[in-house]
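Asks: Dropping in protein_8.tsv, which is TSV, C-alpha atoms:
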```tsv
chain	number	residue	atom	x	y	z
A	1038	MET	CA	-47.68	4.27	4.84
A	1039	SER	CA	-46.51	7.39	3.03
A	1040	THR	CA	-49.32	9.52	4.45
A	1041	THR	CA	-49.56	8.08	7.94
A	1042	THR	CA	-46.05	7.01	8.93
A	1043	LYS	CA	-43.36	9.52	9.78
A	1044	ARG	CA	-40.13	8.62	7.98
A	1045	ALA	CA	-36.70	9.35	9.44
A	1046	TYR	CA	-34.02	11.24	7.56
A	1047	ASN	CA	-32.05	8.03	7.02
A	1048	PHE	CA	-28.35	8.59	6.26
A	1049	ASN	CA	-27.23	5.16	7.43
A	1050	ALA	CA	-24.20	3.74	5.61
A	1051	GLY	CA	-25.67	0.26	5.30
A	1052	PRO	CA	-28.05	-1.35	5.65
A	1053	SER	CA	-29.49	1.87	4.37
A	1054	ALA	CA	-32.56	3.59	3.01
A	1055	LEU	CA	-34.86	1.70	0.66
A	1056	PRO	CA	-37.35	3.40	-1.68
A	1057	LEU	CA	-40.63	4.03	0.11
A	1058	GLU	CA	-42.61	2.84	-2.91
A	1059	VAL	CA	-40.76	-0.48	-2.83
A	1060	LEU	CA	-41.39	-0.94	0.88
A	1061	GLU	CA	-45.07	-0.19	0.43
A	1062	LYS	CA	-45.42	-2.68	-2.41
A	1063	ALA	CA	-43.61	-5.34	-0.39
A	1064	GLN	CA	-45.96	-4.61	2.49
A	1065	GLN	CA	-48.98	-5.15	0.26
A	1066	GLU	CA	-47.64	-8.39	-1.19
A	1067	LEU	CA	-46.06	-9.76	1.97
A	1068	VAL	CA	-48.77	-12.17	3.12
A	1069	ASN	CA	-50.25	-13.17	-0.23
A	1070	PHE	CA	-47.79	-12.99	-3.10
A	1071	ASN	CA	-49.26	-13.24	-6.60
A	1072	ASN	CA	-52.50	-14.69	-5.20
A	1073	THR	CA	-50.75	-17.86	-4.08
A	1074	GLY	CA	-51.96	-17.67	-0.49
A	1075	MET	CA	-48.33	-17.62	0.62
A	1076	ALA	CA	-45.64	-15.09	1.27
A	1077	LEU	CA	-42.75	-15.24	-1.18
A	1078	MET	CA	-40.55	-16.20	1.77
A	1079	GLU	CA	-42.69	-19.34	2.26
A	1080	MET	CA	-42.37	-20.58	-1.31
A	1081	SER	CA	-40.03	-23.12	-2.77
A	1082	HIS	CA	-37.18	-21.52	-4.64
A	1083	ARG	CA	-37.93	-24.11	-7.34
A	1084	SER	CA	-41.49	-22.88	-7.82
A	1085	LYS	CA	-42.62	-21.11	-10.99
A	1086	ASP	CA	-43.70	-18.05	-9.04
A	1087	TYR	CA	-40.28	-17.57	-7.48
A	1088	GLU	CA	-38.44	-18.51	-10.68
A	1089	ALA	CA	-40.24	-15.66	-12.48
A	1090	VAL	CA	-39.11	-13.19	-9.78
A	1091	HIS	CA	-35.55	-14.47	-9.94
A	1092	ASN	CA	-35.21	-14.35	-13.71
A	1093	ASP	CA	-36.90	-10.97	-13.93
A	1094	ALA	CA	-34.37	-9.49	-11.49
A	1095	VAL	CA	-31.48	-10.85	-13.58
A	1096	ALA	CA	-33.01	-9.48	-16.79
A	1097	ARG	CA	-33.64	-6.03	-15.33
A	1098	LEU	CA	-30.08	-5.77	-13.99
A	1099	LYS	CA	-28.71	-6.76	-17.39
A	1100	ALA	CA	-30.89	-4.17	-19.11
A	1101	LEU	CA	-30.10	-1.29	-16.74
A	1102	PHE	CA	-26.34	-1.78	-17.06
A	1103	ALA	CA	-26.42	-2.91	-20.70
A	1104	ILE	CA	-24.48	-5.99	-19.58
A	1105	PRO	CA	-23.02	-7.77	-22.63
A	1106	ASP	CA	-24.08	-11.32	-23.44
A	1107	ASN	CA	-20.68	-12.73	-22.49
A	1108	TYR	CA	-21.31	-12.03	-18.79
A	1109	GLU	CA	-23.17	-13.96	-16.12
A	1110	VAL	CA	-25.19	-12.32	-13.34
A	1111	LEU	CA	-25.07	-14.25	-10.07
A	1112	PHE	CA	-27.01	-13.78	-6.83
A	1113	LEU	CA	-24.86	-15.07	-3.99
A	1114	GLN	CA	-24.64	-14.74	-0.21
A	1115	GLY	CA	-21.92	-13.82	2.25
A	1116	GLY	CA	-21.62	-10.16	1.32
A	1117	ALA	CA	-18.66	-8.50	-0.36
A	1118	SER	CA	-16.51	-9.90	2.44
A	1119	LEU	CA	-16.91	-13.44	1.10
A	1120	GLN	CA	-15.99	-12.16	-2.36
A	1121	PHE	CA	-12.68	-10.97	-0.89
A	1122	THR	CA	-11.97	-14.70	-0.48
A	1123	MET	CA	-13.78	-16.21	-3.47
A	1124	ILE	CA	-11.99	-14.08	-6.05
A	1125	PRO	CA	-8.43	-15.10	-5.15
A	1126	MET	CA	-9.58	-18.65	-4.39
A	1127	ASN	CA	-10.92	-18.93	-7.94
A	1128	PHE	CA	-8.36	-16.90	-9.85
A	1129	LEU	CA	-5.09	-16.74	-7.92
A	1130	THR	CA	-2.46	-19.45	-7.46
A	1131	PRO	CA	0.78	-19.58	-5.45
A	1132	GLU	CA	2.67	-18.91	-8.71
A	1133	THR	CA	0.67	-15.86	-9.81
A	1134	THR	CA	0.26	-12.30	-8.54
A	1135	ALA	CA	-2.82	-10.14	-7.98
A	1136	SER	CA	-2.45	-6.37	-7.75
A	1137	TYR	CA	-4.62	-4.32	-5.39
A	1138	VAL	CA	-5.23	-0.59	-5.37
A	1139	LEU	CA	-5.58	0.48	-1.74
A	1140	THR	CA	-8.08	3.28	-1.20
A	1141	GLY	CA	-9.53	2.37	2.17
A	1142	SER	CA	-10.32	-0.26	4.78
A	1143	TRP	CA	-12.27	-2.59	2.49
A	1144	SER	CA	-9.52	-2.80	-0.11
A	1145	GLU	CA	-7.09	-3.55	2.73
A	1146	LYS	CA	-9.33	-6.42	3.84
A	1147	ALA	CA	-9.60	-7.72	0.29
A	1148	LEU	CA	-5.81	-7.70	-0.03
A	1149	LYS	CA	-5.42	-9.54	3.27
A	1150	GLU	CA	-7.58	-12.40	2.01
A	1151	ALA	CA	-5.74	-12.61	-1.32
A	1152	LYS	CA	-2.43	-13.13	0.48
A	1153	LEU	CA	-3.74	-16.51	1.65
A	1154	PHE	CA	-3.86	-17.85	-1.92
A	1155	GLY	CA	-0.99	-16.37	-3.90
A	1156	GLN	CA	1.36	-13.48	-4.36
A	1157	THR	CA	0.07	-9.92	-4.12
A	1158	ALA	CA	1.26	-6.44	-4.98
A	1159	GLN	CA	0.06	-2.91	-4.36
A	1160	ALA	CA	-0.76	-1.31	-7.68
A	1161	ALA	CA	-1.21	2.02	-5.89
A	1162	SER	CA	-2.11	3.30	-2.43
A	1163	THR	CA	-3.29	6.53	-0.83
A	1164	LYS	CA	-2.90	5.24	2.72
A	1165	GLU	CA	-0.12	7.73	3.48
A	1166	ASN	CA	-2.67	10.49	2.85
A	1167	ASN	CA	-5.17	8.83	5.20
A	1168	TYR	CA	-7.16	7.77	2.14
A	1169	ARG	CA	-8.26	11.30	1.33
A	1170	ASN	CA	-8.14	10.72	-2.41
A	1171	ILE	CA	-8.27	8.23	-5.24
A	1172	PRO	CA	-4.92	7.69	-6.97
A	1173	SER	CA	-4.48	9.11	-10.45
A	1174	LEU	CA	-4.58	6.62	-13.30
A	1175	GLU	CA	-0.90	7.33	-13.93
A	1176	GLU	CA	-0.01	6.14	-10.42
A	1177	ILE	CA	-1.42	2.65	-10.95
A	1178	LYS	CA	1.32	0.11	-11.69
A	1179	PHE	CA	0.82	-3.57	-12.47
A	1180	ASN	CA	2.31	-6.29	-14.66
A	1181	ASP	CA	0.85	-7.80	-17.81
A	1182	THR	CA	1.19	-11.22	-16.18
A	1183	ASP	CA	-0.96	-10.34	-13.15
A	1184	ALA	CA	-3.96	-12.54	-12.46
A	1185	TYR	CA	-6.09	-9.45	-11.96
A	1186	VAL	CA	-6.13	-5.86	-10.69
A	1187	HIS	CA	-8.60	-5.12	-7.88
A	1188	ILE	CA	-10.17	-1.77	-7.03
A	1189	THR	CA	-12.90	-0.54	-4.68
A	1190	SER	CA	-15.06	1.91	-6.63
A	1191	ASN	CA	-16.38	3.84	-3.64
A	1192	ASN	CA	-15.08	4.03	-0.09
A	1193	THR	CA	-17.82	4.35	2.49
A	1194	ILE	CA	-15.54	5.09	5.44
A	1195	TYR	CA	-13.42	7.80	3.83
A	1196	GLY	CA	-15.94	9.24	1.37
A	1197	THR	CA	-13.96	8.86	-1.84
A	1198	GLN	CA	-15.06	7.55	-5.23
A	1199	TRP	CA	-13.44	6.70	-8.55
A	1200	LYS	CA	-14.57	9.14	-11.25
A	1201	GLU	CA	-12.74	7.29	-14.03
A	1202	PHE	CA	-11.73	3.65	-14.01
A	1203	PRO	CA	-8.32	2.34	-15.09
A	1204	THR	CA	-7.85	0.49	-18.35
A	1205	THR	CA	-5.97	-2.74	-17.70
A	1206	GLY	CA	-5.80	-4.27	-21.17
A	1207	GLU	CA	-5.50	-8.06	-21.08
A	1208	VAL	CA	-5.33	-8.10	-17.29
A	1209	THR	CA	-8.70	-8.67	-15.63
A	1210	LEU	CA	-10.08	-5.65	-13.76
A	1211	VAL	CA	-12.07	-6.58	-10.66
A	1212	ALA	CA	-14.19	-4.04	-8.78
A	1213	ASP	CA	-15.94	-4.05	-5.45
A	1214	MET	CA	-18.87	-1.72	-6.19
A	1215	SER	CA	-20.83	-2.43	-3.02
A	1216	SER	CA	-21.48	1.17	-2.09
A	1217	ASP	CA	-22.07	2.85	-5.43
A	1218	ILE	CA	-23.46	0.20	-7.76
A	1219	LEU	CA	-26.70	1.34	-9.44
A	1220	SER	CA	-25.86	5.00	-8.68
A	1221	ARG	CA	-24.52	5.81	-12.17
A	1222	PRO	CA	-23.94	4.22	-15.56
A	1223	VAL	CA	-20.92	1.89	-15.77
A	1224	ASP	CA	-19.24	0.37	-18.81
A	1225	VAL	CA	-19.33	-3.24	-17.66
A	1226	SER	CA	-17.09	-4.35	-20.53
A	1227	LYS	CA	-14.09	-2.69	-18.81
A	1228	PHE	CA	-14.34	-5.23	-16.00
A	1229	GLY	CA	-13.89	-8.96	-15.69
A	1230	ILE	CA	-15.76	-9.05	-12.37
A	1231	ILE	CA	-18.00	-6.57	-10.57
A	1232	TYR	CA	-19.34	-7.53	-7.17
A	1233	ALA	CA	-21.53	-5.75	-4.66
A	1234	GLY	CA	-23.36	-6.36	-1.43
A	1235	ALA	CA	-26.95	-5.29	-1.93
A	1236	GLN	CA	-27.47	-3.33	1.26
A	1237	LYS	CA	-26.51	0.13	-0.04
A	1238	ASN	CA	-28.36	0.72	-3.33
A	1239	LEU	CA	-29.64	-2.64	-4.54
A	1240	GLY	CA	-31.90	-3.84	-1.75
A	1241	PRO	CA	-31.78	-5.34	1.74
A	1242	SER	CA	-28.78	-7.11	3.22
A	1243	GLY	CA	-28.33	-10.77	2.40
A	1244	VAL	CA	-27.87	-10.68	-1.37
A	1245	THR	CA	-24.54	-10.25	-3.15
A	1246	VAL	CA	-24.53	-9.51	-6.88
A	1247	VAL	CA	-21.63	-10.77	-9.00
A	1248	ILE	CA	-21.29	-9.81	-12.66
A	1249	ILE	CA	-18.60	-12.02	-14.19
A	1250	ARG	CA	-17.25	-12.52	-17.69
A	1251	LYS	CA	-17.92	-16.05	-18.94
A	1252	ASP	CA	-14.39	-16.75	-20.18
A	1253	LEU	CA	-13.12	-16.29	-16.62
A	1254	LEU	CA	-15.35	-19.10	-15.46
A	1255	GLU	CA	-13.57	-21.44	-17.85
A	1256	LYS	CA	-10.17	-20.46	-16.39
A	1257	ALA	CA	-11.11	-20.64	-12.72
A	1258	ASN	CA	-9.37	-22.96	-10.28
A	1259	THR	CA	-11.25	-26.21	-9.80
A	1260	ASN	CA	-9.74	-27.75	-6.67
A	1261	ILE	CA	-11.85	-25.66	-4.29
A	1262	PRO	CA	-15.07	-26.29	-2.32
A	1263	THR	CA	-18.21	-26.57	-4.41
A	1264	MET	CA	-20.04	-23.63	-2.86
A	1265	LEU	CA	-17.04	-21.35	-3.40
A	1266	LYS	CA	-16.80	-22.01	-7.14
A	1267	TYR	CA	-18.37	-19.40	-9.39
A	1268	THR	CA	-19.09	-22.13	-11.93
A	1269	THR	CA	-21.34	-23.89	-9.42
A	1270	HIS	CA	-23.64	-20.90	-9.27
A	1271	ALA	CA	-23.38	-19.91	-12.93
A	1272	ASP	CA	-24.32	-23.41	-14.06
A	1273	ALA	CA	-27.35	-23.44	-11.72
A	1274	ASN	CA	-28.65	-19.90	-12.41
A	1275	SER	CA	-27.78	-19.05	-8.76
A	1276	LEU	CA	-30.18	-21.78	-7.62
A	1277	TYR	CA	-27.68	-24.48	-6.62
A	1278	ASN	CA	-28.86	-24.05	-3.04
A	1279	THR	CA	-31.63	-21.97	-1.50
A	1280	PRO	CA	-30.97	-18.32	-2.38
A	1281	PRO	CA	-32.11	-15.33	-0.27
A	1282	THR	CA	-35.45	-15.29	-2.04
A	1283	PHE	CA	-37.05	-12.28	-0.36
A	1284	GLY	CA	-33.90	-10.22	-0.79
A	1285	ILE	CA	-33.84	-11.01	-4.51
A	1286	TYR	CA	-37.51	-10.07	-4.77
A	1287	MET	CA	-36.73	-6.74	-3.12
A	1288	LEU	CA	-33.74	-6.23	-5.41
A	1289	GLY	CA	-35.99	-6.73	-8.41
A	1290	GLU	CA	-38.45	-4.17	-7.07
A	1291	VAL	CA	-35.63	-1.67	-6.54
A	1292	LEU	CA	-34.54	-2.20	-10.14
A	1293	LYS	CA	-38.11	-1.45	-11.30
A	1294	TRP	CA	-38.02	1.72	-9.18
A	1295	VAL	CA	-34.78	2.83	-10.87
A	1296	GLU	CA	-36.33	2.18	-14.28
A	1297	ASN	CA	-39.34	4.31	-13.33
A	1298	LYS	CA	-36.98	7.09	-12.23
A	1299	GLY	CA	-35.51	7.21	-15.71
A	1300	GLY	CA	-32.66	4.74	-15.45
A	1301	LEU	CA	-29.07	5.16	-14.33
A	1302	GLU	CA	-28.47	8.47	-16.10
A	1303	ALA	CA	-31.39	10.07	-14.27
A	1304	ILE	CA	-30.35	8.49	-10.97
A	1305	GLU	CA	-26.83	9.86	-11.37
A	1306	LYS	CA	-28.15	13.37	-11.96
A	1307	GLN	CA	-30.30	13.16	-8.83
A	1308	ASN	CA	-27.36	11.89	-6.80
A	1309	GLU	CA	-25.21	14.80	-7.99
A	1310	GLU	CA	-27.90	17.27	-6.95
A	1311	LYS	CA	-28.34	15.64	-3.55
A	1312	ALA	CA	-24.63	15.58	-2.76
A	1313	LYS	CA	-24.13	19.16	-3.96
A	1314	VAL	CA	-26.42	20.72	-1.38
A	1315	ILE	CA	-24.49	19.07	1.46
A	1316	TYR	CA	-21.05	19.74	-0.01
A	1317	ASP	CA	-22.10	23.36	-0.50
A	1318	ALA	CA	-22.97	23.62	3.18
A	1319	ILE	CA	-19.46	22.35	3.98
A	1320	ASP	CA	-17.64	24.51	1.45
A	1321	ASN	CA	-19.52	27.70	2.34
A	1322	SER	CA	-18.92	27.33	6.09
A	1323	ASN	CA	-15.52	29.09	6.12
A	1324	GLY	CA	-13.94	26.11	7.85
A	1325	PHE	CA	-16.65	25.50	10.45
A	1326	TYR	CA	-17.16	22.19	8.62
A	1327	TYR	CA	-14.42	20.54	6.57
A	1328	GLY	CA	-14.46	17.47	4.37
A	1329	HIS	CA	-12.17	14.46	4.59
A	1330	ALA	CA	-11.97	13.71	0.87
A	1331	THR	CA	-10.17	15.97	-1.57
A	1332	PRO	CA	-12.65	17.73	-3.90
A	1333	GLU	CA	-11.68	15.75	-7.01
A	1334	SER	CA	-12.25	12.42	-5.20
A	1335	ARG	CA	-15.46	13.24	-3.35
A	1336	SER	CA	-18.05	10.51	-3.22
A	1337	LEU	CA	-21.65	11.08	-4.27
A	1338	MET	CA	-22.67	8.29	-1.92
A	1339	ASN	CA	-20.83	8.96	1.36
A	1340	ILE	CA	-20.13	12.53	2.41
A	1341	THR	CA	-17.55	12.54	5.19
A	1342	PHE	CA	-16.83	15.68	7.18
A	1343	ARG	CA	-15.78	17.08	10.54
A	1344	VAL	CA	-16.83	20.02	12.68
A	1345	ALA	CA	-13.71	22.08	13.40
A	1346	ASP	CA	-14.31	22.06	17.15
A	1347	GLU	CA	-14.45	18.56	18.70
A	1348	GLU	CA	-16.95	19.50	21.41
A	1349	LEU	CA	-19.16	21.21	18.86
A	1350	GLU	CA	-19.00	18.07	16.74
A	1351	LYS	CA	-20.45	16.04	19.60
A	1352	LYS	CA	-23.14	18.67	20.04
A	1353	PHE	CA	-23.84	18.67	16.30
A	1354	LEU	CA	-24.37	14.91	16.21
A	1355	ALA	CA	-26.55	14.97	19.33
A	1356	GLU	CA	-28.77	17.77	18.06
A	1357	ALA	CA	-28.98	16.22	14.59
A	1358	LYS	CA	-30.22	12.99	16.14
A	1359	GLU	CA	-32.85	14.90	18.12
A	1360	ALA	CA	-33.94	16.60	14.89
A	1361	GLY	CA	-34.61	13.22	13.23
A	1362	PHE	CA	-31.38	12.67	11.30
A	1363	VAL	CA	-30.26	9.04	11.56
A	1364	GLY	CA	-26.83	7.55	10.88
A	1365	LEU	CA	-24.68	10.68	10.76
A	1366	ASN	CA	-21.88	9.37	12.98
A	1367	GLY	CA	-18.72	8.58	11.06
A	1368	HIS	CA	-17.37	5.04	10.98
A	1369	ARG	CA	-16.05	3.93	14.36
A	1370	SER	CA	-12.51	3.64	12.94
A	1371	VAL	CA	-12.26	7.31	11.92
A	1372	GLY	CA	-14.98	9.21	13.80
A	1373	GLY	CA	-16.39	12.48	12.55
A	1374	CYS	CA	-19.60	12.73	10.55
A	1375	ARG	CA	-20.88	10.91	7.49
A	1376	ALA	CA	-24.02	11.38	5.44
A	1377	SER	CA	-24.70	8.45	3.15
A	1378	THR	CA	-26.87	9.71	0.30
A	1379	TYR	CA	-27.70	6.50	-1.52
A	1380	ASN	CA	-30.29	6.35	-4.29
A	1381	ALA	CA	-33.29	5.97	-2.00
A	1382	VAL	CA	-32.39	8.96	0.20
A	1383	PRO	CA	-34.68	11.72	-1.14
A	1384	PHE	CA	-33.45	15.17	-2.11
A	1385	GLU	CA	-35.63	16.64	0.62
A	1386	ALA	CA	-33.62	14.80	3.29
A	1387	CYS	CA	-30.35	16.15	1.90
A	1388	GLN	CA	-31.74	19.68	1.74
A	1389	ALA	CA	-33.01	19.34	5.30
A	1390	LEU	CA	-29.56	18.27	6.48
A	1391	ALA	CA	-27.89	21.16	4.64
A	1392	ASN	CA	-30.34	23.60	6.25
A	1393	PHE	CA	-29.67	22.07	9.66
A	1394	MET	CA	-25.92	22.44	9.14
A	1395	VAL	CA	-26.26	26.11	8.19
A	1396	GLU	CA	-28.51	26.80	11.16
A	1397	PHE	CA	-26.22	24.94	13.57
A	1398	GLN	CA	-23.26	26.95	12.40
A	1399	LYS	CA	-25.21	30.20	12.81
A	1400	ASN	CA	-26.13	29.29	16.39
A	1401	ASN	CA	-22.68	28.03	17.39
A	1402	GLN	CA	-20.21	30.16	15.49
A	1403	LYS	CA	-17.52	31.43	17.85
```
How would this structure read if it were set down as structure tokens?

Replies:
Amino acid sequence: MSTTTKRAYNFNAGPSALPLEVLEKAQQELVNFNNTGMALMEMSHRSKDYEAVHNDAVARLKALFAIPDNYEVLFLQGGASLQFTMIPMNFLTPETTASYVLTGSWSEKALKEAKLFGQTAQAASTKENNYRNIPSLEEIKFNDTDAYVHITSNNTIYGTQWKEFPTTGEVTLVADMSSDILSRPVDVSKFGIIYAGAQKNLGPSGVTVVIIRKDLLEKANTNIPTMLKYTTHADANSLYNTPPTFGIYMLGEVLKWVENKGGLEAIEKQNEEKAKVIYDAIDNSNGFYYGHATPESRSLMNITFRVADEELEKKFLAEAKEAGFVGLNGHRSVGGCRASTYNAVPFEACQALANFMVEFQKNNQK
């Protein structure tokens, strides 16, 4: 495939680029997995062949993040959006309060769901600044009696990212890491729960990873539907019902790819280099391009920017599409431009976009 198939410059925000090597391996194994005469998608999720894939993916995720032994790794479905509901359903009651840090649309949606189950509070918000930045740690206010504090580690729509996470002491810290998980090392022990839809950095859509501290499982509410209890899935090794088997296989292959790249430290360095070439094109344009996020809050995963002239912005997006750049339109709620530079987007694609931006400015500067 790599020598015969032309690959797009894929900057989609999700589902997004997957490593070419992983796609090629999946292609080779698609029809006859492990000499079984079946595709993995055709196998029982109770079979030994699938069980090996499943457990290997869990083990590799634990190793890459150095996840402590007192945490469970779950493979669920429903995306991060279902986690917006499951977390308060399991850990919030009408008598308790959960605090949410608002940094974008997804944290707003998470807060909306929590209000159905108990009391909520805003620990901090940058909405008045149109979510251009992440609040400082000093701005975050919560009570020691809170059920948990919820943050969104990276904001795909607005292009902001937490560089340092808050310390919440005895209060459980919960993080939606859907759009930057696996992009850098993370101290898992700071969090009670980390959750992430797979379709940005982990694999294809359909799998949701939940990393949850075991003591929380013991405290969870019990009078809720079976499939919405974390204990149901923890007790069954995420095999209570049929999991998204092919998605988990792909996730495992992506984890192997990250290992071969040198692990999370090496991936983070590559992501910094990729983002820099595009941010440099913005910063060196003398205002022809301008970013949405403040410099100290800039995301390495989602680079959001505008062209100063609205008509030129339309022209920029049209010509970029003709040149083979995919997914550069900003989210429909905010417009503008967005380049999502997830792990599998190669440096060459980012450099090509930066070169295109410089050339477009040269040809259209008024």

Asks: Just checking: using all atoms listed in the file, which residue out of A:Asn1366, A:Thr1140, A:Ser1322, A:Ser1377 ends up closest to A:Ala1161?

Replies: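 Closest to A:Ala1161 of all the choices is A:Thr1140.
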
Asks: Restrict the calculation to all atoms listed in the file, then for each residue of stretch 1167-1237 of chain A with any atom at most 12 Å from an atom of stretch 1125-1133 of chain A give the closest atom pair and their distance in Å to one decimal, rows by chain and rising residue number, as a tab-separated table.

Replies:
```
residue	atom	partner	partner_atom	distance
A:Asn1180	CA	A:Thr1133	CA	10.9
A:Asp1181	CA	A:Thr1133	CA	11.4
A:Thr1182	CA	A:Thr1133	CA	7.9
A:Asp1183	CA	A:Thr1133	CA	6.7
A:Ala1184	CA	A:Thr1133	CA	6.3
A:Tyr1185	CA	A:Phe1128	CA	8.1
A:Val1186	CA	A:Pro1125	CA	11.0
A:His1187	CA	A:Pro1125	CA	10.3
A:Val1208	CA	A:Phe1128	CA	11.9
A:Thr1209	CA	A:Phe1128	CA	10.1
A:Val1211	CA	A:Pro1125	CA	10.8
A:Gly1229	CA	A:Phe1128	CA	11.3
A:Ile1230	CA	A:Phe1128	CA	11.1
```

Asks: Give me, please, the distance in Å between atom CA of A:Ile1304 and atom CA of A:Gly1367, quoted to one decimal.

Replies: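 Calculated distance between atom CA of A:Ile1304 and atom CA of A:Gly1367 is 24.9 Å.
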
Asks: Rank nothing, just name the residue among A:Ser1173, A:Thr1259, A:Asn1323, A:Ser1220 nearest to A:Pro1203, using all atoms listed in the file.

Replies: A:Ser1173

Asks: May I ask for the distance between atom CA of A:Phe1325 and atom CA of A:Ala1345, given in Å to one decimal place?

Replies: 5.4 Å

Asks: Determine the axis-aligned bounding box of all atoms of stretch 1062-1067 of chain A present in the file, pad each side by 3 Å, and express its centre and edge lengths in Å to one decimal place as lines of an AutoDock Vina configuration file.

Replies:
```
center_x = -46.3
center_y = -6.2
center_z = 0.0
size_x = 11.4
size_y = 13.1
size_z = 10.9
```

Asks: Hey, which of A:Gly1324, A:Gly1155, A:Gly1141, A:Pro1222 ends up closest to A:Glu1305? Count all atoms listed in the file.

Replies: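 Answer, going by the shortest atom-to-atom distance: A:Pro1222.
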
Asks: Can you take the partial stretch 1171-1186 of chain A, add N, CA and C atoms, and return it as a compact mmCIF listing (two decimals), in the frame of the given file?

Replies:
```
# COMPACT_ATOMS: atom_id res chain seq x y z
N ILE A 1171 -8.45 9.36 -4.35
CA ILE A 1171 -8.27 8.23 -5.24
C ILE A 1171 -6.98 8.47 -6.03
N PRO A 1172 -6.14 7.46 -6.21
CA PRO A 1172 -4.92 7.69 -6.97
C PRO A 1172 -5.21 8.05 -8.43
N SER A 1173 -4.33 8.81 -9.03
CA SER A 1173 -4.48 9.11 -10.45
C SER A 1173 -4.24 7.84 -11.25
N LEU A 1174 -4.76 7.81 -12.46
CA LEU A 1174 -4.58 6.62 -13.30
C LEU A 1174 -3.11 6.38 -13.59
N GLU A 1175 -2.33 7.45 -13.64
CA GLU A 1175 -0.90 7.33 -13.93
C GLU A 1175 -0.13 6.66 -12.78
N GLU A 1176 -0.67 6.73 -11.59
CA GLU A 1176 -0.01 6.14 -10.42
C GLU A 1176 -0.16 4.63 -10.35
N ILE A 1177 -1.10 4.07 -11.08
CA ILE A 1177 -1.42 2.65 -10.95
C ILE A 1177 -0.42 1.82 -11.75
N LYS A 1178 0.29 0.94 -11.06
CA LYS A 1178 1.32 0.11 -11.69
C LYS A 1178 1.00 -1.37 -11.48
N PHE A 1179 1.03 -2.12 -12.56
CA PHE A 1179 0.82 -3.57 -12.47
C PHE A 1179 1.55 -4.22 -13.64
N ASN A 1180 1.62 -5.54 -13.62
CA ASN A 1180 2.31 -6.29 -14.66
C ASN A 1180 1.32 -6.98 -15.59
N ASP A 1181 1.72 -7.15 -16.83
CA ASP A 1181 0.85 -7.80 -17.81
C ASP A 1181 0.55 -9.25 -17.45
N THR A 1182 1.38 -9.82 -16.58
CA THR A 1182 1.19 -11.22 -16.18
C THR A 1182 0.32 -11.37 -14.93
N ASP A 1183 -0.15 -10.26 -14.37
CA ASP A 1183 -0.96 -10.34 -13.15
C ASP A 1183 -2.25 -11.12 -13.40
N ALA A 1184 -2.69 -11.81 -12.37
CA ALA A 1184 -3.96 -12.54 -12.46
C ALA A 1184 -5.13 -11.58 -12.60
N TYR A 1185 -5.05 -10.49 -11.88
CA TYR A 1185 -6.09 -9.45 -11.96
C TYR A 1185 -5.62 -8.22 -11.20
N VAL A 1186 -6.31 -7.10 -11.45
CA VAL A 1186 -6.13 -5.86 -10.69
C VAL A 1186 -7.45 -5.58 -9.99
```
